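Shown next: run17.json, given as JSON, C-alpha atoms.
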```
[["chain", "number", "residue", "atom", "x", "y", "z"],
["A", 1, "MET", "CA", -7.56, -45.47, 73.17],
["A", 2, "GLY", "CA", -10.34, -43.74, 75.03],
["A", 3, "MET", "CA", -13.32, -41.97, 73.53],
["A", 4, "LYS", "CA", -11.82, -38.57, 74.32],
["A", 5, "ASP", "CA", -8.56, -39.44, 72.52],
["A", 6, "ARG", "CA", -10.42, -40.72, 69.44],
["A", 7, "LEU", "CA", -12.46, -37.51, 69.25],
["A", 8, "GLU", "CA", -9.32, -35.44, 69.52],
["A", 9, "GLN", "CA", -7.69, -37.53, 66.76],
["A", 10, "MET", "CA", -10.73, -37.13, 64.46],
["A", 11, "LYS", "CA", -10.74, -33.38, 65.10],
["A", 12, "GLN", "CA", -7.06, -33.17, 64.19],
["A", 13, "ARG", "CA", -7.57, -35.14, 60.96],
["A", 14, "ALA", "CA", -10.50, -32.94, 59.99],
["A", 15, "GLN", "CA", -8.40, -29.85, 60.55],
["A", 16, "GLU", "CA", -5.58, -31.29, 58.43],
["A", 17, "ALA", "CA", -8.06, -32.23, 55.66],
["A", 18, "GLY", "CA", -9.56, -28.77, 55.75],
["A", 19, "LYS", "CA", -6.14, -27.19, 55.56],
["A", 20, "MET", "CA", -5.32, -29.41, 52.57],
["A", 21, "VAL", "CA", -8.50, -28.28, 50.75],
["A", 22, "VAL", "CA", -7.68, -24.67, 51.46],
["A", 23, "ASP", "CA", -4.11, -25.12, 50.25],
["A", 24, "VAL", "CA", -5.30, -26.82, 47.07],
["A", 25, "GLY", "CA", -7.81, -24.03, 46.51],
["A", 26, "VAL", "CA", -5.16, -21.38, 47.06],
["A", 27, "ASP", "CA", -2.76, -23.13, 44.72],
["A", 28, "ALA", "CA", -5.45, -23.48, 42.04],
["A", 29, "ALA", "CA", -6.38, -19.83, 42.39],
["A", 30, "ARG", "CA", -2.73, -18.84, 42.22],
["A", 31, "GLU", "CA", -2.19, -20.97, 39.09],
["A", 32, "LYS", "CA", -5.32, -19.50, 37.49],
["A", 33, "ARG", "CA", -4.16, -15.99, 38.35],
["A", 34, "ASP", "CA", -0.66, -16.66, 37.01],
["A", 35, "ALA", "CA", -2.11, -18.10, 33.80],
["A", 36, "ALA", "CA", -4.33, -15.04, 33.34],
["A", 37, "VAL", "CA", -1.41, -12.73, 34.00],
["A", 38, "GLY", "CA", 0.74, -14.72, 31.59],
["A", 39, "LEU", "CA", -1.94, -14.61, 28.89],
["A", 40, "ALA", "CA", -2.43, -10.88, 29.36],
["A", 41, "LYS", "CA", 1.31, -10.33, 29.25],
["A", 42, "SER", "CA", 1.64, -12.43, 26.11],
["A", 43, "LYS", "CA", -1.08, -10.35, 24.45],
["A", 44, "VAL", "CA", 0.64, -7.15, 25.50],
["A", 45, "ASP", "CA", 3.98, -8.50, 24.28],
["A", 46, "ALA", "CA", 2.43, -9.55, 20.98],
["A", 47, "THR", "CA", 0.79, -6.14, 20.52],
["A", 48, "THR", "CA", 3.95, -4.36, 21.57],
["A", 49, "GLY", "CA", 6.01, -6.55, 19.29],
["A", 50, "TYR", "CA", 3.73, -5.79, 16.36],
["A", 51, "ALA", "CA", 3.84, -2.07, 17.12],
["A", 52, "VAL", "CA", 7.62, -2.15, 17.47],
["A", 53, "ALA", "CA", 8.01, -4.14, 14.26],
["A", 54, "LYS", "CA", 5.72, -1.72, 12.44],
["A", 55, "ARG", "CA", 7.60, 1.26, 13.87],
["A", 56, "ASP", "CA", 10.96, -0.24, 12.99],
["A", 57, "GLY", "CA", 9.70, -1.02, 9.49],
["A", 58, "ALA", "CA", 8.62, 2.59, 9.03],
["A", 59, "VAL", "CA", 11.92, 3.88, 10.42],
["A", 60, "ASN", "CA", 13.93, 1.54, 8.21],
["A", 61, "PHE", "CA", 11.90, 2.47, 5.15],
["A", 62, "ALA", "CA", 12.38, 6.18, 5.86],
["A", 63, "SER", "CA", 16.12, 5.61, 6.12],
["A", 64, "ASP", "CA", 16.15, 3.51, 2.95],
["A", 65, "ALA", "CA", 14.04, 6.14, 1.17],
["A", 66, "LYS", "CA", 16.50, 8.87, 2.05],
["A", 67, "THR", "CA", 19.38, 6.79, 0.71],
["A", 68, "ALA", "CA", 17.43, 5.79, -2.40],
["A", 69, "PHE", "CA", 16.57, 9.39, -3.20],
["A", 70, "LYS", "CA", 20.15, 10.44, -2.62],
["A", 71, "GLU", "CA", 21.34, 7.76, -5.04],
["A", 72, "GLY", "CA", 18.44, 8.21, -7.44],
["A", 73, "ASP", "CA", 17.40, 4.59, -6.95],
["A", 74, "LEU", "CA", 13.59, 4.57, -6.91],
["A", 75, "GLU", "CA", 13.59, 0.91, -7.89],
["A", 76, "GLU", "CA", 15.23, 0.03, -4.58],
["A", 77, "LEU", "CA", 12.83, 2.34, -2.77],
["A", 78, "LEU", "CA", 9.79, 0.59, -4.25],
["A", 79, "ARG", "CA", 11.30, -2.81, -3.50],
["A", 80, "ARG", "CA", 11.53, -1.93, 0.20],
["A", 81, "LEU", "CA", 8.10, -0.29, 0.47],
["A", 82, "PRO", "CA", 6.11, -2.07, 3.25],
["A", 83, "LEU", "CA", 3.00, -3.48, 1.55],
["A", 84, "PRO", "CA", -0.30, -4.26, 3.29],
["A", 85, "ALA", "CA", -0.78, -7.74, 4.70],
["A", 86, "SER", "CA", -3.28, -10.11, 3.12],
["A", 87, "PRO", "CA", -6.01, -10.27, 4.30],
["A", 88, "VAL", "CA", -5.99, -6.50, 4.75],
["A", 89, "GLN", "CA", -6.59, -5.65, 8.40],
["A", 90, "GLU", "CA", -5.88, -1.92, 8.52],
["A", 91, "GLU", "CA", -6.02, 1.06, 6.21],
["A", 92, "TRP", "CA", -3.01, 1.35, 3.90],
["A", 93, "GLN", "CA", -2.21, 4.33, 1.71],
["A", 94, "TRP", "CA", 0.72, 5.35, -0.42],
["A", 95, "SER", "CA", 0.94, 8.43, -2.55],
["A", 96, "LEU", "CA", 3.08, 10.63, -4.72],
["A", 97, "GLY", "CA", 3.26, 13.09, -1.84],
["A", 98, "LYS", "CA", 4.64, 10.40, 0.47],
["A", 99, "LEU", "CA", 7.12, 9.33, -2.19],
["A", 100, "ILE", "CA", 8.67, 12.75, -2.72],
["A", 101, "THR", "CA", 8.81, 13.51, 1.01],
["A", 102, "SER", "CA", 10.35, 10.14, 1.94],
["A", 103, "GLY", "CA", 13.84, 11.25, 1.04],
["A", 104, "SER", "CA", 13.90, 14.83, 2.26],
["A", 105, "LYS", "CA", 12.03, 17.23, 4.51],
["A", 106, "PRO", "CA", 9.63, 19.40, 2.49],
["A", 107, "PRO", "CA", 9.98, 23.19, 2.70],
["A", 108, "MET", "CA", 7.72, 25.11, 5.06],
["A", 109, "GLY", "CA", 4.30, 25.89, 3.65],
["A", 110, "THR", "CA", 4.17, 23.07, 1.08],
["A", 111, "GLY", "CA", 1.67, 20.93, 2.99],
["A", 112, "MET", "CA", -1.30, 22.21, 0.98],
["A", 113, "LEU", "CA", 0.52, 21.65, -2.31],
["A", 114, "LEU", "CA", 1.50, 18.11, -1.33],
["A", 115, "GLY", "CA", -2.12, 17.43, -0.40],
["A", 116, "LEU", "CA", -3.23, 18.48, -3.88],
["A", 117, "LEU", "CA", -1.01, 15.75, -5.35],
["A", 118, "ASP", "CA", -3.35, 13.16, -3.78],
["A", 119, "ASN", "CA", -5.90, 14.00, -6.48],
["A", 120, "PHE", "CA", -3.82, 12.09, -9.01],
["A", 121, "GLY", "CA", -1.34, 10.12, -6.97],
["A", 122, "THR", "CA", -2.86, 7.97, -4.21],
["A", 123, "ILE", "CA", -3.43, 4.24, -3.72],
["A", 124, "ASP", "CA", -5.84, 3.24, -0.92],
["A", 125, "ILE", "CA", -6.78, -0.21, 0.32],
["A", 126, "GLY", "CA", -8.13, -1.32, 3.68],
["A", 127, "PRO", "CA", -10.79, -3.43, 5.37],
["A", 128, "GLU", "CA", -13.39, -0.70, 4.76],
["A", 129, "GLU", "CA", -12.46, 1.16, 1.57],
["A", 130, "VAL", "CA", -10.46, 0.87, -1.63],
["A", 131, "GLY", "CA", -9.63, 3.38, -4.34],
["A", 132, "PHE", "CA", -7.24, 5.36, -6.51],
["A", 133, "ASP", "CA", -6.32, 9.02, -6.86],
["A", 134, "GLY", "CA", -8.64, 10.46, -4.23],
["A", 135, "SER", "CA", -11.69, 8.41, -5.28],
["A", 136, "THR", "CA", -12.49, 5.68, -2.74],
["A", 137, "ALA", "CA", -15.43, 3.31, -2.31],
["A", 138, "LYS", "CA", -16.74, 1.17, 0.51],
["A", 139, "TRP", "CA", -16.09, -2.49, -0.28],
["A", 140, "PRO", "CA", -19.82, -3.41, -0.22],
["A", 141, "LYS", "CA", -20.35, -0.78, -2.95],
["A", 142, "VAL", "CA", -17.68, -2.20, -5.27],
["A", 143, "LYS", "CA", -19.24, -3.92, -8.29],
["A", 144, "ALA", "CA", -16.13, -4.93, -10.24],
["A", 145, "ILE", "CA", -12.37, -4.47, -10.45],
["A", 146, "ARG", "CA", -10.77, -4.23, -13.86],
["A", 147, "THR", "CA", -7.22, -4.68, -15.05],
["A", 148, "ARG", "CA", -5.09, -3.20, -17.81],
["A", 149, "SER", "CA", -2.12, -4.74, -19.56],
["A", 150, "LEU", "CA", 1.33, -3.29, -19.03],
["A", 151, "ASP", "CA", 1.40, -2.25, -22.69],
["A", 152, "GLY", "CA", -1.97, -0.58, -22.12],
["A", 153, "ILE", "CA", -0.51, 1.39, -19.21],
["A", 154, "ILE", "CA", 2.38, 2.56, -21.38],
["A", 155, "GLN", "CA", -0.05, 3.57, -24.13],
["A", 156, "LYS", "CA", -1.90, 5.73, -21.61],
["A", 157, "LEU", "CA", 1.34, 7.28, -20.33],
["A", 158, "SER", "CA", 2.41, 8.34, -23.82],
["A", 159, "THR", "CA", -0.88, 10.20, -24.38],
["A", 160, "ASP", "CA", -1.61, 11.48, -20.85],
["A", 161, "SER", "CA", -1.71, 15.25, -20.39],
["A", 162, "PHE", "CA", 0.55, 15.10, -17.36],
["A", 163, "SER", "CA", 2.41, 18.32, -17.97],
["A", 164, "GLU", "CA", -0.83, 20.30, -18.32],
["A", 165, "SER", "CA", -2.28, 18.64, -15.20],
["A", 166, "ILE", "CA", 0.66, 19.45, -12.93],
["A", 167, "GLU", "CA", 0.71, 23.04, -14.21],
["A", 168, "ASN", "CA", -2.99, 23.59, -13.55],
["A", 169, "LEU", "CA", -3.15, 21.66, -10.29],
["A", 170, "LEU", "CA", -0.55, 23.58, -8.30],
["A", 171, "PRO", "CA", -1.32, 27.26, -7.63],
["A", 172, "LEU", "CA", 1.36, 29.93, -7.87],
["A", 173, "VAL", "CA", 2.35, 30.01, -4.22],
["A", 174, "PRO", "CA", 5.71, 29.66, -2.44],
["A", 175, "GLY", "CA", 6.99, 26.09, -2.62],
["A", 176, "ARG", "CA", 5.27, 25.35, -5.94],
["A", 177, "GLY", "CA", 8.57, 24.99, -7.76],
["A", 178, "TRP", "CA", 9.96, 22.49, -5.23],
["A", 179, "VAL", "CA", 6.82, 20.32, -5.27],
["A", 180, "ALA", "CA", 6.46, 20.45, -9.05],
["A", 181, "GLU", "CA", 10.12, 19.57, -9.63],
["A", 182, "LYS", "CA", 10.08, 16.68, -7.17],
["A", 183, "ALA", "CA", 6.77, 15.32, -8.47],
["A", 184, "THR", "CA", 7.83, 15.58, -12.11],
["A", 185, "SER", "CA", 11.19, 13.94, -11.48],
["A", 186, "ALA", "CA", 9.65, 11.06, -9.53],
["A", 187, "ILE", "CA", 6.88, 10.43, -12.06],
["A", 188, "PHE", "CA", 9.10, 10.41, -15.11],
["A", 189, "THR", "CA", 11.63, 8.19, -13.35],
["A", 190, "ILE", "CA", 8.84, 5.71, -12.62],
["A", 191, "TRP", "CA", 7.65, 5.95, -16.22],
["A", 192, "ALA", "CA", 11.16, 5.12, -17.40],
["A", 193, "MET", "CA", 11.22, 2.11, -15.07],
["A", 194, "VAL", "CA", 7.94, 0.83, -16.53],
["A", 195, "ALA", "CA", 9.10, 1.32, -20.12],
["A", 196, "ASP", "CA", 12.41, -0.40, -19.33],
["A", 197, "LEU", "CA", 10.56, -3.34, -17.76],
["A", 198, "ALA", "CA", 8.34, -3.68, -20.82],
["A", 199, "ILE", "CA", 11.30, -3.62, -23.20],
["A", 200, "ARG", "CA", 13.47, -6.00, -21.16],
["A", 201, "ASP", "CA", 10.75, -8.59, -20.56],
["A", 202, "PRO", "CA", 8.97, -9.81, -23.74],
["A", 203, "GLU", "CA", 6.26, -11.39, -21.61],
["A", 204, "ALA", "CA", 5.68, -8.27, -19.52],
["A", 205, "GLY", "CA", 3.25, -6.82, -22.05],
["A", 206, "ARG", "CA", 0.80, -9.61, -21.24],
["A", 207, "ARG", "CA", 0.83, -8.89, -17.51],
["A", 208, "GLN", "CA", -2.51, -7.70, -16.19],
["A", 209, "VAL", "CA", -2.53, -5.00, -13.50],
["A", 210, "VAL", "CA", -5.47, -3.81, -11.37],
["A", 211, "CYS", "CA", -6.25, -0.30, -12.61],
["A", 212, "GLU", "CA", -9.97, 0.43, -12.21],
["A", 213, "ILE", "CA", -12.65, 0.04, -9.55],
["A", 214, "GLU", "CA", -16.31, 0.27, -10.48],
["A", 215, "TYR", "CA", -18.62, 1.11, -7.59],
["A", 216, "LYS", "CA", -22.14, 2.29, -6.81],
["A", 217, "GLY", "CA", -22.49, 6.03, -6.32],
["A", 218, "TRP", "CA", -25.42, 7.96, -4.89],
["A", 219, "ILE", "CA", -27.07, 8.28, -8.29],
["A", 220, "ARG", "CA", -24.98, 6.42, -10.85],
["A", 221, "THR", "CA", -22.12, 3.99, -11.18],
["A", 222, "LYS", "CA", -18.68, 5.56, -10.72],
["A", 223, "GLU", "CA", -15.11, 4.51, -11.45],
["A", 224, "ALA", "CA", -11.89, 5.03, -9.55],
["A", 225, "GLU", "CA", -9.14, 4.70, -12.13],
["A", 226, "THR", "CA", -5.35, 4.78, -11.86],
["A", 227, "GLY", "CA", -3.56, 7.74, -13.36],
["A", 228, "PHE", "CA", -0.06, 8.58, -14.53],
["A", 229, "PHE", "CA", 1.46, 7.82, -11.11],
["A", 230, "THR", "CA", -0.73, 5.07, -9.64],
["A", 231, "GLY", "CA", -0.91, 2.95, -12.82],
["A", 232, "PRO", "CA", 2.86, 2.59, -13.18],
["A", 233, "VAL", "CA", 3.27, 2.00, -9.43],
["A", 234, "MET", "CA", 0.72, -0.84, -9.55],
["A", 235, "ALA", "CA", 2.67, -2.31, -12.49],
["A", 236, "LEU", "CA", 5.96, -2.06, -10.60],
["A", 237, "LEU", "CA", 4.54, -3.60, -7.40],
["A", 238, "PRO", "CA", 3.11, -7.03, -8.34],
["A", 239, "GLY", "CA", 2.80, -7.84, -4.63],
["A", 240, "LEU", "CA", 0.39, -4.93, -4.16],
["A", 241, "ASP", "CA", -1.57, -5.96, -7.25],
["A", 242, "GLN", "CA", -1.90, -9.43, -5.71],
["A", 243, "VAL", "CA", -3.25, -7.99, -2.45],
["A", 244, "PHE", "CA", -5.97, -6.16, -4.42],
["A", 245, "ARG", "CA", -6.91, -9.37, -6.22],
["A", 246, "GLU", "CA", -6.99, -11.50, -3.07],
["A", 247, "GLU", "CA", -9.06, -8.94, -1.17],
["A", 248, "ALA", "CA", -11.52, -8.73, -4.07],
["A", 249, "ALA", "CA", -11.81, -12.54, -4.19],
["A", 250, "ARG", "CA", -12.52, -12.71, -0.45],
["A", 251, "ARG", "CA", -15.35, -10.25, -0.90],
["A", 252, "GLY", "CA", -16.80, -11.89, -3.98],
["A", 253, "VAL", "CA", -15.85, -9.00, -6.28],
["A", 254, "LEU", "CA", -15.24, -9.94, -9.91],
["A", 255, "VAL", "CA", -11.84, -9.08, -11.40],
["A", 256, "GLU", "CA", -12.29, -8.46, -15.12],
["A", 257, "GLU", "CA", -9.20, -8.95, -17.27],
["A", 258, "ALA", "CA", -8.44, -6.47, -20.06],
["A", 259, "GLU", "CA", -8.01, -7.56, -23.66],
["A", 260, "GLN", "CA", -4.47, -8.32, -24.70],
["A", 261, "THR", "CA", -2.67, -5.78, -26.89],
["A", 262, "ALA", "CA", -2.37, -7.25, -30.37],
["A", 263, "ILE", "CA", 1.18, -6.62, -31.63],
["A", 264, "GLU", "CA", 2.14, -9.07, -34.34],
["A", 265, "THR", "CA", 5.81, -9.69, -33.61],
["A", 266, "ALA", "CA", 8.35, -9.06, -30.88],
["A", 267, "GLU", "CA", 10.21, -6.72, -33.24],
["A", 268, "ASN", "CA", 7.08, -4.67, -33.87],
["A", 269, "ARG", "CA", 6.39, -4.50, -30.15],
["A", 270, "VAL", "CA", 9.90, -3.26, -29.35],
["A", 271, "ALA", "CA", 9.58, -0.60, -32.05],
["A", 272, "TRP", "CA", 6.18, 0.38, -30.64],
["A", 273, "LEU", "CA", 7.62, 0.59, -27.11],
["A", 274, "ARG", "CA", 10.54, 2.73, -28.25],
["A", 275, "GLU", "CA", 8.12, 5.07, -29.99],
["A", 276, "LYS", "CA", 6.09, 5.40, -26.79],
["A", 277, "HIS", "CA", 9.28, 5.86, -24.77],
["A", 278, "ALA", "CA", 10.28, 8.72, -27.08],
["A", 279, "ALA", "CA", 6.86, 10.31, -26.59],
["A", 280, "ILE", "CA", 7.29, 10.05, -22.82],
["A", 281, "ALA", "CA", 10.77, 11.60, -23.03],
["A", 282, "ALA", "CA", 9.36, 14.49, -25.06],
["A", 283, "LYS", "CA", 6.70, 15.08, -22.43],
["A", 284, "ARG", "CA", 9.36, 15.07, -19.73],
["A", 285, "GLU", "CA", 11.30, 17.78, -21.53],
["A", 286, "GLU", "CA", 8.11, 19.80, -22.02],
["A", 287, "ALA", "CA", 7.24, 19.51, -18.32],
["A", 288, "ARG", "CA", 10.78, 20.50, -17.31],
["A", 289, "LYS", "CA", 10.61, 23.66, -19.41],
["A", 290, "GLN", "CA", 7.23, 24.59, -17.93],
["A", 291, "ILE", "CA", 8.60, 24.22, -14.39],
["A", 292, "GLU", "CA", 11.64, 26.36, -15.20],
["A", 293, "TYR", "CA", 9.34, 28.97, -16.73]]
```

Could you rewrite the structure in this file as structure tokens?
Amino acid sequence: MGMKDRLEQMKQRAQEAGKMVVDVGVDAAREKRDAAVGLAKSKVDATTGYAVAKRDGAVNFASDAKTAFKEGDLEELLRRLPLPASPVQEEWQWSLGKLITSGSKPPMGTGMLLGLLDNFGTIDIGPEEVGFDGSTAKWPKVKAIRTRSLDGIIQKLSTDSFSESIENLLPLVPGRGWVAEKATSAIFTIWAMVADLAIRDPEAGRRQVVCEIEYKGWIRTKEAETGFFTGPVMALLPGLDQVFREEAARRGVLVEEAEQTAIETAENRVAWLREKHAAIAAKREEARKQIEY
């Protein structure tokens, strides 16, 4: 083979080698691009899936709520309520206003009245704030979280001035009767559920439920405390109570347990519970008469 032929052969091999490098580079770039596209798509799919799941959960709960209200089954409604994930990653709120509007569309002009219910019927927890009944605190400001026994919650319910509160809270404007009737019915139904739980389960009286948040205010220490709606709801939703406890533990916030109610015997406790249940029933009748008036 002559010199000219060898040079031509070397030139051809160099061209083929160069083409191979280019092809490899193109393939690598294509694979990298496809991987990036796939990763982006997977993130979009994951986000979309979460959004769809959240939307479907809300739609399903709304449907369940409507059925539960129609059948008078608030226990089933609470069982299906979507609770916040642990650790808490987004703001979560549930309220008396949301409860009574879950099963039916509120009349026109009742938005302001429903908003007033948040002053004694709201549970808030999120990555930034936590609180009850319209009083919220930034997590770094929270000094302690305290619990109350189930029997302690019932004791508070039997002495709470609920009927006076609902009468004074809602102004005499159109829609007041609808809001007051719905709120009263829902609250007393939940109270009955708590009393029934306490009577049916002898050990229930020892259960501790998160009911108070102590936090630093501008000048003095403040407390966000559960009321006649939020206390019973916390007792009926042990999963939500657990979320509060786990979030507090992650943030190094002390959870202080309440003292146990000292009732000598099971018989005495049942008699005590029935007495409190009768007091609650009397308050329900009083509230019903005030609404009718």

Residues within 7 Å of region 194-207 of chain A, please, as a short mmCIF file (atom, residue, chain, number, x, y, z; two decimals) with C-alpha atoms, in the frame of the given file. Count only C-alpha atoms; anything in the same chain fewer than 4 positions from it doesn't count.
```
data_model
loop_
_atom_site.label_atom_id
_atom_site.label_comp_id
_atom_site.auth_asym_id
_atom_site.auth_seq_id
_atom_site.Cartn_x
_atom_site.Cartn_y
_atom_site.Cartn_z
CA SER A 149 -2.12 -4.74 -19.56
CA LEU A 150 1.33 -3.29 -19.03
CA ASP A 151 1.40 -2.25 -22.69
CA ILE A 154 2.38 2.56 -21.38
CA ILE A 190 8.84 5.71 -12.62
CA PRO A 232 2.86 2.59 -13.18
CA LEU A 236 5.96 -2.06 -10.60
CA GLN A 260 -4.47 -8.32 -24.70
CA VAL A 270 9.90 -3.26 -29.35
CA LEU A 273 7.62 0.59 -27.11
CA HIS A 277 9.28 5.86 -24.77
#
```

Nearest residue to Gly152 (chain A) out of A:Gln208, A:Thr189, A:Asn168, A:Thr221, using all atoms listed in the file?
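Nearest candidate to Gly152 (chain A) out of A:Gln208, A:Thr189, A:Asn168, A:Thr221: A:Gln208.
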
Please define a box with edges along x, y and z of the file around all atoms of region 96-106 of chain A given in the file, extend it by 6 Å on each side, and return its centre and edge lengths in Å to one decimal, as JSON.
```
{"center_x": 8.5, "center_y": 14.4, "center_z": -0.1, "size_x": 22.8, "size_y": 22.1, "size_z": 21.2}
```

Counting all atoms listed in the file, what is within 8 Å of Lys143 (chain A), bar same-chain residues fewer than 5 positions away, as JSON, numbers by chain?
{"A": [213, 214, 215, 216, 253, 254]}

Those selected residues, please, written with C-alpha atoms and delivered as an mmCIF file, keeping the file's coordinate frame.
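Below is the file result_5.cif, written as the result:
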```
data_model
loop_
_atom_site.group_PDB
_atom_site.id
_atom_site.type_symbol
_atom_site.label_atom_id
_atom_site.label_comp_id
_atom_site.auth_asym_id
_atom_site.auth_seq_id
_atom_site.Cartn_x
_atom_site.Cartn_y
_atom_site.Cartn_z
ATOM 1 C CA ILE A 213 -12.650 0.040 -9.550
ATOM 2 C CA GLU A 214 -16.310 0.270 -10.480
ATOM 3 C CA TYR A 215 -18.620 1.110 -7.590
ATOM 4 C CA LYS A 216 -22.140 2.290 -6.810
ATOM 5 C CA VAL A 253 -15.850 -9.000 -6.280
ATOM 6 C CA LEU A 254 -15.240 -9.940 -9.910
#
```

Would you mind reading off the distance between CA of Arg250 (chain A) and CA of Arg80 (chain A), one decimal, in Å?
26.4 Å

Please provide as a tab-separated table (two decimals) with C-alpha atoms, in the coordinates of the input all residues within 7 Å of region 171-182 of chain A, with the sequence filter that same-chain residues fewer than 6 positions apart are discarded (counting all atoms listed in the file).
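Output saved as around-v2.tsv:
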```
chain	number	residue	atom	x	y	z
A	100	ILE	CA	8.67	12.75	-2.72
A	107	PRO	CA	9.98	23.19	2.70
A	109	GLY	CA	4.30	25.89	3.65
A	110	THR	CA	4.17	23.07	1.08
A	114	LEU	CA	1.50	18.11	-1.33
A	291	ILE	CA	8.60	24.22	-14.39
```

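Put simply, CA of Arg251 (chain A) is 24.9 Å away from CA of Gly227 (chain A).
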
Env of Glu128 (chain A): 10 Å cut, atoms = only C-alpha atoms, seq-sep filter 6 positions within chain, self excluded. Answer as an MDAnalysis selection string.
chainID A and resid 88:91 136:140

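The shortest atom-to-atom distance to Gln242 (chain A), with all atoms listed in the file taken into account, belongs to A:Ala85 out of A:Ala85, A:Leu74, A:Ala186, A:Ala271.
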
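Distance-wise, CA of Ala144 (chain A) and CA of Leu157 (chain A) end up 23.6 Å apart.
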